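Read the structure below first, then the notes.
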Amino acid sequence: MTVSTALPSTNALADAAQVAHRISAHVKQSVLGRDDVIEQCVMALLADGHVLVEDLPGSGKTTLAKSIGDAIIDDRPADQRGHIEAFRRIQFTPDLLPSDITGTTVFEPAMGTFSFKPGPLFAHVVLADEINRTSPKVQSAMLEAMAEKQITVDNRTHPLDSLFFVIATQNPLDLAGTFPLPVAQLDRFLFKIRMTAIGREAELNVLRTIHQRRVPAGAGVVTRSQVLAARQVMEQQVAVHVLLHEALVDLAQALRTDPRVLQGVSTRALVLAVPALQARALMQGRDYVSADDLEAVIPLVFAHRLELGGGTAETNAVIRDALRPSLERLARATLQRISA
């Protein structure tokens with residue numbers, strides 16, 4: 001079974017893929033031994049999603065997020081940028097208030113008026129460090145920002161940047177004083193990534209290259225406009241066969257009826273999965289989504305959205321079992337574009 005459509009602009013696709021590869025290359029100069037995590041974060045950036053990273057302290061998450069932010073230059077005129085920064089880090093604590101992250105309205109005595117002072121959410125890339133340590137009220141403010149790219153202060157709505165990208169972290173071991181993320185908040189993250197300790201050689205390389213990595217080279221820098229254009233090219237020109245849509249729906253249905261699963265995935269998860277699949281295909285140099293993309297991306301998108309019963313199998317094993325029939329059907333089909 002094939003798709004008969006005109007071939008996309010090869011140059012546009014190549015340029016879009018190059019944007020992703022340049023960001024990845026830039027970040028890999030600063031973050032060693034995390035190539036898979038870097039690729040997944042760049043994939044989420046292209047797919048206009050957000051990432052939840054579960055890791056231990058000192059694993060390089062701040063460097064990772066800052067390097068992604070530093071890789072993107074705001075090429076708009078200065079008077080159009082507003083208060084947008086390349087990168088901002090928010091340390092979440094139990095006493096944090098929503099206004100600490102969104103901003104607040106202050107009185108200007110000289111002017112006799114009130115003005116809005118934007119908070120750290122006004123950035124291209126935001127590191128939400130230990131997001132599960134803050135109160136549900138602050139988490140709900142993050143929810144609006146992540147879902148709608150806007151914040152509301154004193155009944156006034158303020159738009160965030162189109163490039164707004166959140167990398168949130170939580171510590172999997174230290175549970176004291178935490179507020180577990182509700183399902184609605186987890187559902188707003190495109191990927192949940194578990195970082196593990198890097199290998200011995202990579203760790204030795206970290207120590208050997210401490211000084212060289214303090215000032216990253218600028219070869220991998222891209223502009224804000226290029227990233228937004230890459231998203232548009234990816235959406236319009238990376239083909240998603242109808243069989244892939246059927247595979248996603250069948251997978252969701254299988255998970256919802258699996259006796260090991262207490263809560264399945266939402267329709268929103270299926271919608272968010274499509275650009276993630278397109279992003280991986282683009283980064284792999286293809287103009288169509290394949291079964292390999294489905295197998296690689298779905299665990300990242302679905303695992304944190306599933307709730308399993310006690311004593312059941314590991315989440316990824318449940319997903320693989322449900323995905324197997326769809327992969328077998330896709331293996332017998334031709335999903336790539338062909339000329340008319």
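Residues are referred to by chain and number: the chain letter is A, B, ... according to the order shown in the structure tokens, the number counts from 1 in that chain, and ligands are numbered separately from 1 in the order shown.
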Which residues are close to region 297-299 of chain A, i.e. within 8 Å by only C-alpha atoms, leaving aside same-chain residues fewer than 6 positions away? Reply as a list in words.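 Once the nearby chain positions are removed, what remains is Ala273, Ala276, Leu277, Arg280, Asn316 and Ile319 of chain A.
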Selection file, N, CA, C and O atoms, as a PDB file, in the first residue's frame:
```pdb
ATOM      1  N   ALA A 273       1.517  12.588  19.600  1.00  0.00           N
ATOM      2  CA  ALA A 273       2.460  11.601  19.074  1.00  0.00           C
ATOM      3  C   ALA A 273       2.789  11.843  17.603  1.00  0.00           C
ATOM      4  O   ALA A 273       3.892  11.529  17.155  1.00  0.00           O
ATOM      5  N   ALA A 276       5.697  14.189  16.979  1.00  0.00           N
ATOM      6  CA  ALA A 276       6.898  13.536  17.510  1.00  0.00           C
ATOM      7  C   ALA A 276       7.420  12.500  16.517  1.00  0.00           C
ATOM      8  O   ALA A 276       8.633  12.378  16.295  1.00  0.00           O
ATOM      9  N   LEU A 277       6.517  11.744  15.913  1.00  0.00           N
ATOM     10  CA  LEU A 277       6.908  10.769  14.893  1.00  0.00           C
ATOM     11  C   LEU A 277       7.505  11.467  13.672  1.00  0.00           C
ATOM     12  O   LEU A 277       8.506  11.013  13.106  1.00  0.00           O
ATOM     13  N   ARG A 280      11.103  12.643  14.446  1.00  0.00           N
ATOM     14  CA  ARG A 280      12.120  11.590  14.376  1.00  0.00           C
ATOM     15  C   ARG A 280      12.407  11.219  12.923  1.00  0.00           C
ATOM     16  O   ARG A 280      13.573  11.010  12.544  1.00  0.00           O
ATOM     17  N   ASN A 316       6.975  -0.271  29.753  1.00  0.00           N
ATOM     18  CA  ASN A 316       7.412  -0.417  28.367  1.00  0.00           C
ATOM     19  C   ASN A 316       7.120  -1.807  27.809  1.00  0.00           C
ATOM     20  O   ASN A 316       6.861  -1.966  26.615  1.00  0.00           O
ATOM     21  N   ILE A 319       3.531  -1.764  26.726  1.00  0.00           N
ATOM     22  CA  ILE A 319       3.402  -1.021  25.470  1.00  0.00           C
ATOM     23  C   ILE A 319       3.891  -1.873  24.297  1.00  0.00           C
ATOM     24  O   ILE A 319       3.249  -1.914  23.236  1.00  0.00           O
TER      25      ILE A 319
END
```
Set out as a tab-separated table a contact list for region 9-64 of chain A and region 159-170 of chain A with a cut-off of 8 Å, giving each residue of region 9-64 of chain A that qualifies its closest atom pair and distance in Å to one decimal, counting only C-alpha atoms, ordered by chain and rising residue number.
```
residue	atom	partner	partner_atom	distance
A:Leu45	CA	A:Phe165	CA	6.6
A:Asp48	CA	A:Phe165	CA	7.3
A:Gly49	CA	A:Phe165	CA	6.9
A:His50	CA	A:Val166	CA	5.1
A:Val51	CA	A:Ile167	CA	4.9
A:Leu52	CA	A:Ala168	CA	4.7
A:Val53	CA	A:Thr169	CA	4.7
A:Glu54	CA	A:Gln170	CA	5.1
A:Asp55	CA	A:Gln170	CA	6.5
A:Lys61	CA	A:Thr169	CA	7.9
```
Taking the DSSP secondary structure from the backbone, can you list the residues of region 99-217 of chain A that are alpha helix (DSSP H), as a PyMOL selection string? chain A and resi 99-102+136-148+183-186+200-208
As a PyMOL selection string, list the residues of region 174-314 of chain A assigned to strand (DSSP E) by DSSP on the backbone atoms of this structure. chain A and resi 191-194+222-223+261-263+307-308
Go ahead and write the residues just picked, C-alpha atoms, as a short mmCIF file (atom, residue, chain, number, x, y, z; two decimals), in the first residue's frame.
```cif
data_model
loop_
_atom_site.label_atom_id
_atom_site.label_comp_id
_atom_site.auth_asym_id
_atom_site.auth_seq_id
_atom_site.Cartn_x
_atom_site.Cartn_y
_atom_site.Cartn_z
CA PHE A 191 8.12 12.85 26.55
CA LYS A 192 9.20 11.52 29.89
CA ILE A 193 12.89 10.62 29.77
CA ARG A 194 14.73 8.64 32.43
CA VAL A 222 20.54 28.49 14.71
CA THR A 223 18.01 31.31 14.70
CA VAL A 261 -3.73 -1.19 32.68
CA LEU A 262 -5.85 0.84 35.12
CA GLN A 263 -5.78 4.01 33.04
CA GLU A 307 -1.26 3.69 35.18
CA LEU A 308 -0.71 -0.01 35.77
#
```
List as a PyMOL selection string the protein and nucleic acid residues near Leu13 (chain A), meaning an atom at most 9 Å away when only C-alpha atoms are counted, but skip any in the same chain fewer than 4 places from it. chain A and resi 8-9+17-18+230+233-234+237-238+282+285-287
Keeping only N, CA and C atoms, write the selected residues to a file as a PDB file, in the first residue's frame.
```pdb
ATOM      1  N   PRO A   8       8.038  16.398  -1.753  1.00  0.00           N
ATOM      2  CA  PRO A   8       8.231  17.694  -1.130  1.00  0.00           C
ATOM      3  C   PRO A   8       9.511  18.349  -1.623  1.00  0.00           C
ATOM      4  N   SER A   9       9.705  19.589  -1.236  1.00  0.00           N
ATOM      5  CA  SER A   9      10.939  20.286  -1.571  1.00  0.00           C
ATOM      6  C   SER A   9      12.091  19.655  -0.810  1.00  0.00           C
ATOM      7  N   ALA A  17      16.102  19.482   8.610  1.00  0.00           N
ATOM      8  CA  ALA A  17      16.882  18.466   9.314  1.00  0.00           C
ATOM      9  C   ALA A  17      18.204  19.042   9.806  1.00  0.00           C
ATOM     10  N   GLN A  18      18.793  19.932   9.012  1.00  0.00           N
ATOM     11  CA  GLN A  18      20.060  20.527   9.402  1.00  0.00           C
ATOM     12  C   GLN A  18      19.913  21.385  10.650  1.00  0.00           C
ATOM     13  N   ALA A 230      11.472  25.167  10.554  1.00  0.00           N
ATOM     14  CA  ALA A 230      11.678  23.712  10.529  1.00  0.00           C
ATOM     15  C   ALA A 230      10.434  22.993  11.023  1.00  0.00           C
ATOM     16  N   VAL A 233       7.903  23.097   8.090  1.00  0.00           N
ATOM     17  CA  VAL A 233       8.281  22.182   7.018  1.00  0.00           C
ATOM     18  C   VAL A 233       7.999  20.741   7.431  1.00  0.00           C
ATOM     19  N   MET A 234       8.369  20.405   8.652  1.00  0.00           N
ATOM     20  CA  MET A 234       8.146  19.050   9.156  1.00  0.00           C
ATOM     21  C   MET A 234       6.662  18.699   9.140  1.00  0.00           C
ATOM     22  N   GLN A 237       5.495  18.507   5.261  1.00  0.00           N
ATOM     23  CA  GLN A 237       6.170  17.734   4.242  1.00  0.00           C
ATOM     24  C   GLN A 237       6.670  16.360   4.695  1.00  0.00           C
ATOM     25  N   VAL A 238       6.497  16.014   5.947  1.00  0.00           N
ATOM     26  CA  VAL A 238       6.816  14.654   6.378  1.00  0.00           C
ATOM     27  C   VAL A 238       5.504  13.869   6.423  1.00  0.00           C
ATOM     28  N   LEU A 282      12.186  13.136  10.328  1.00  0.00           N
ATOM     29  CA  LEU A 282      12.985  14.221   9.765  1.00  0.00           C
ATOM     30  C   LEU A 282      14.440  14.104  10.188  1.00  0.00           C
ATOM     31  N   GLY A 285      16.389  11.642   8.358  1.00  0.00           N
ATOM     32  CA  GLY A 285      16.604  11.908   6.942  1.00  0.00           C
ATOM     33  C   GLY A 285      15.530  11.376   6.028  1.00  0.00           C
ATOM     34  N   ARG A 286      14.322  11.161   6.554  1.00  0.00           N
ATOM     35  CA  ARG A 286      13.222  10.649   5.739  1.00  0.00           C
ATOM     36  C   ARG A 286      12.098  11.668   5.626  1.00  0.00           C
ATOM     37  N   ASP A 287      11.319  11.557   4.541  1.00  0.00           N
ATOM     38  CA  ASP A 287      10.159  12.435   4.366  1.00  0.00           C
ATOM     39  C   ASP A 287       8.860  11.680   4.650  1.00  0.00           C
TER      40      ASP A 287
END
```
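Note that the spacing between CA of Arg76 (chain A) and CA of Asp100 (chain A) amounts to 26.9 Å.
Proximity to Gly103 (chain A) was assessed for A:Arg231, A:Arg156, A:Lys117, A:Arg88 counting only C-alpha atoms; the smallest distance is recorded for A:Lys117.
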Neighbour list for Ser326 (chain A) as a short mmCIF file (atom, residue, chain, number, x, y, z; two decimals) with N, CA and C atoms, in the first residue's frame, cut-off 12 Å, only C-alpha atoms, skip fewer than 4 positions in-chain:
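Okay, this is what ended up in around_38.cif:
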```cif
data_model
loop_
_atom_site.label_atom_id
_atom_site.label_comp_id
_atom_site.auth_asym_id
_atom_site.auth_seq_id
_atom_site.Cartn_x
_atom_site.Cartn_y
_atom_site.Cartn_z
N LEU A 243 -2.20 4.36 7.68
CA LEU A 243 -1.95 3.17 8.48
C LEU A 243 -1.29 3.51 9.82
N LEU A 244 -0.50 4.59 9.83
CA LEU A 244 0.10 5.03 11.09
C LEU A 244 -0.97 5.55 12.03
N HIS A 245 -1.95 6.29 11.49
CA HIS A 245 -3.06 6.76 12.31
C HIS A 245 -3.83 5.57 12.89
N GLU A 246 -4.08 4.59 12.04
CA GLU A 246 -4.79 3.40 12.51
C GLU A 246 -3.98 2.66 13.59
N ALA A 247 -2.67 2.60 13.39
CA ALA A 247 -1.82 1.93 14.38
C ALA A 247 -1.88 2.64 15.72
N LEU A 248 -1.88 3.96 15.72
CA LEU A 248 -1.96 4.73 16.97
C LEU A 248 -3.27 4.47 17.68
N VAL A 249 -4.37 4.52 16.94
CA VAL A 249 -5.69 4.30 17.54
C VAL A 249 -5.82 2.87 18.05
N ASP A 250 -5.37 1.91 17.26
CA ASP A 250 -5.44 0.50 17.69
C ASP A 250 -4.60 0.27 18.94
N LEU A 251 -3.44 0.91 19.00
CA LEU A 251 -2.59 0.78 20.17
C LEU A 251 -3.28 1.36 21.41
N ALA A 252 -3.89 2.53 21.25
CA ALA A 252 -4.59 3.13 22.38
C ALA A 252 -5.74 2.26 22.85
N GLN A 253 -6.47 1.69 21.91
CA GLN A 253 -7.58 0.81 22.27
C GLN A 253 -7.09 -0.44 22.99
N ALA A 254 -5.99 -0.99 22.49
CA ALA A 254 -5.43 -2.19 23.11
C ALA A 254 -4.98 -1.92 24.54
N SER A 290 7.94 5.99 9.57
CA SER A 290 8.05 4.55 9.38
C SER A 290 7.67 3.81 10.67
N ALA A 291 7.61 2.49 10.55
CA ALA A 291 7.34 1.66 11.73
C ALA A 291 8.45 1.79 12.76
N ASP A 292 9.68 2.03 12.31
CA ASP A 292 10.79 2.23 13.25
C ASP A 292 10.56 3.45 14.13
N LEU A 294 7.67 4.64 14.99
CA LEU A 294 6.61 4.28 15.93
C LEU A 294 7.19 3.50 17.10
N GLU A 295 8.03 2.54 16.81
CA GLU A 295 8.60 1.70 17.86
C GLU A 295 9.51 2.50 18.79
N ILE A 319 3.53 -1.76 26.73
CA ILE A 319 3.40 -1.02 25.47
C ILE A 319 3.89 -1.87 24.30
N ARG A 320 5.01 -2.56 24.47
CA ARG A 320 5.53 -3.40 23.39
C ARG A 320 4.56 -4.52 23.03
N ASP A 321 3.93 -5.11 24.03
CA ASP A 321 2.96 -6.17 23.75
C ASP A 321 1.78 -5.64 22.94
N ALA A 322 1.30 -4.46 23.31
CA ALA A 322 0.15 -3.88 22.61
C ALA A 322 0.53 -3.39 21.22
N LEU A 330 2.30 -2.99 9.77
CA LEU A 330 3.07 -1.96 9.09
C LEU A 330 4.25 -2.54 8.33
N ALA A 331 4.80 -3.62 8.82
CA ALA A 331 5.95 -4.25 8.16
C ALA A 331 5.58 -4.76 6.77
N ARG A 332 4.30 -5.02 6.55
CA ARG A 332 3.86 -5.54 5.25
C ARG A 332 3.43 -4.42 4.30
N ALA A 333 3.49 -3.17 4.77
CA ALA A 333 3.02 -2.04 3.95
C ALA A 333 4.20 -1.15 3.56
#
```
If you measure from CA of Arg256 (chain A) to CA of Phe179 (chain A), what distance in Å do you get, rounded to one decimal?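 Computing the Euclidean distance for CA of Arg256 (chain A) and CA of Phe179 (chain A) yields 26.7 Å.
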Can you pull out the residues contacting region 93-96 of chain A? Cut-off 10 Å, using only C-alpha atoms, and skip same-chain residues under 3 positions away; I want them as a PyMOL selection string. chain A and resi 90+99-101+129-138+177-179
Save out the residues we just selected, C-alpha atoms, as a CSV table (one decimal), in the first residue's frame.
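Result file is out_19.csv:
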```csv
chain,number,residue,atom,x,y,z
A,90,ILE,CA,13.3,28.0,37.9
A,99,SER,CA,3.6,35.1,40.5
A,100,ASP,CA,7.2,34.0,41.0
A,101,ILE,CA,7.1,32.2,37.7
A,129,ASP,CA,14.0,22.2,38.2
A,130,GLU,CA,12.4,19.7,40.6
A,131,ILE,CA,8.9,20.6,39.5
A,132,ASN,CA,7.3,18.1,41.9
A,133,ARG,CA,8.6,20.1,44.9
A,134,THR,CA,6.2,22.9,44.4
A,135,SER,CA,2.5,23.3,45.3
A,136,PRO,CA,-0.4,22.3,43.1
A,137,LYS,CA,-1.3,26.0,42.7
A,138,VAL,CA,2.1,26.7,41.0
A,177,GLY,CA,8.4,17.1,50.6
A,178,THR,CA,7.2,16.5,47.1
A,179,PHE,CA,3.8,17.0,45.4
```
With distances taken over only C-alpha atoms, which residue among A:Phe114, A:Glu39, A:Phe302, A:Ser67 lies nearest Leu127 (chain A)?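 Among the listed residues, the smallest separation from Leu127 (chain A) belongs to A:Ser67.
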Excluding Leu186 (chain A) and residues on its chain fewer than 3 positions from it, collect all residues at most 8 Å away from it, counting only C-alpha atoms, and give them as a PyMOL selection string. chain A and resi 181-183+189+304-305
How would the residues just chosen look if you wrote them out with C-alpha atoms as a compact mmCIF listing (two decimals), in the first residue's frame?
```txt
# COMPACT_ATOMS: atom_id res chain seq x y z
CA LEU A 181 2.37 15.67 39.40
CA PRO A 182 -1.32 15.10 38.66
CA VAL A 183 -2.36 13.19 35.56
CA PHE A 189 4.57 16.54 28.66
CA HIS A 304 4.16 8.25 31.73
CA ARG A 305 0.50 8.43 30.76
```
One number please: CA of Asp154 (chain A) to CA of Pro98 (chain A), in Å, one decimal.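 CA of Asp154 (chain A) sits 11.7 Å away from CA of Pro98 (chain A).
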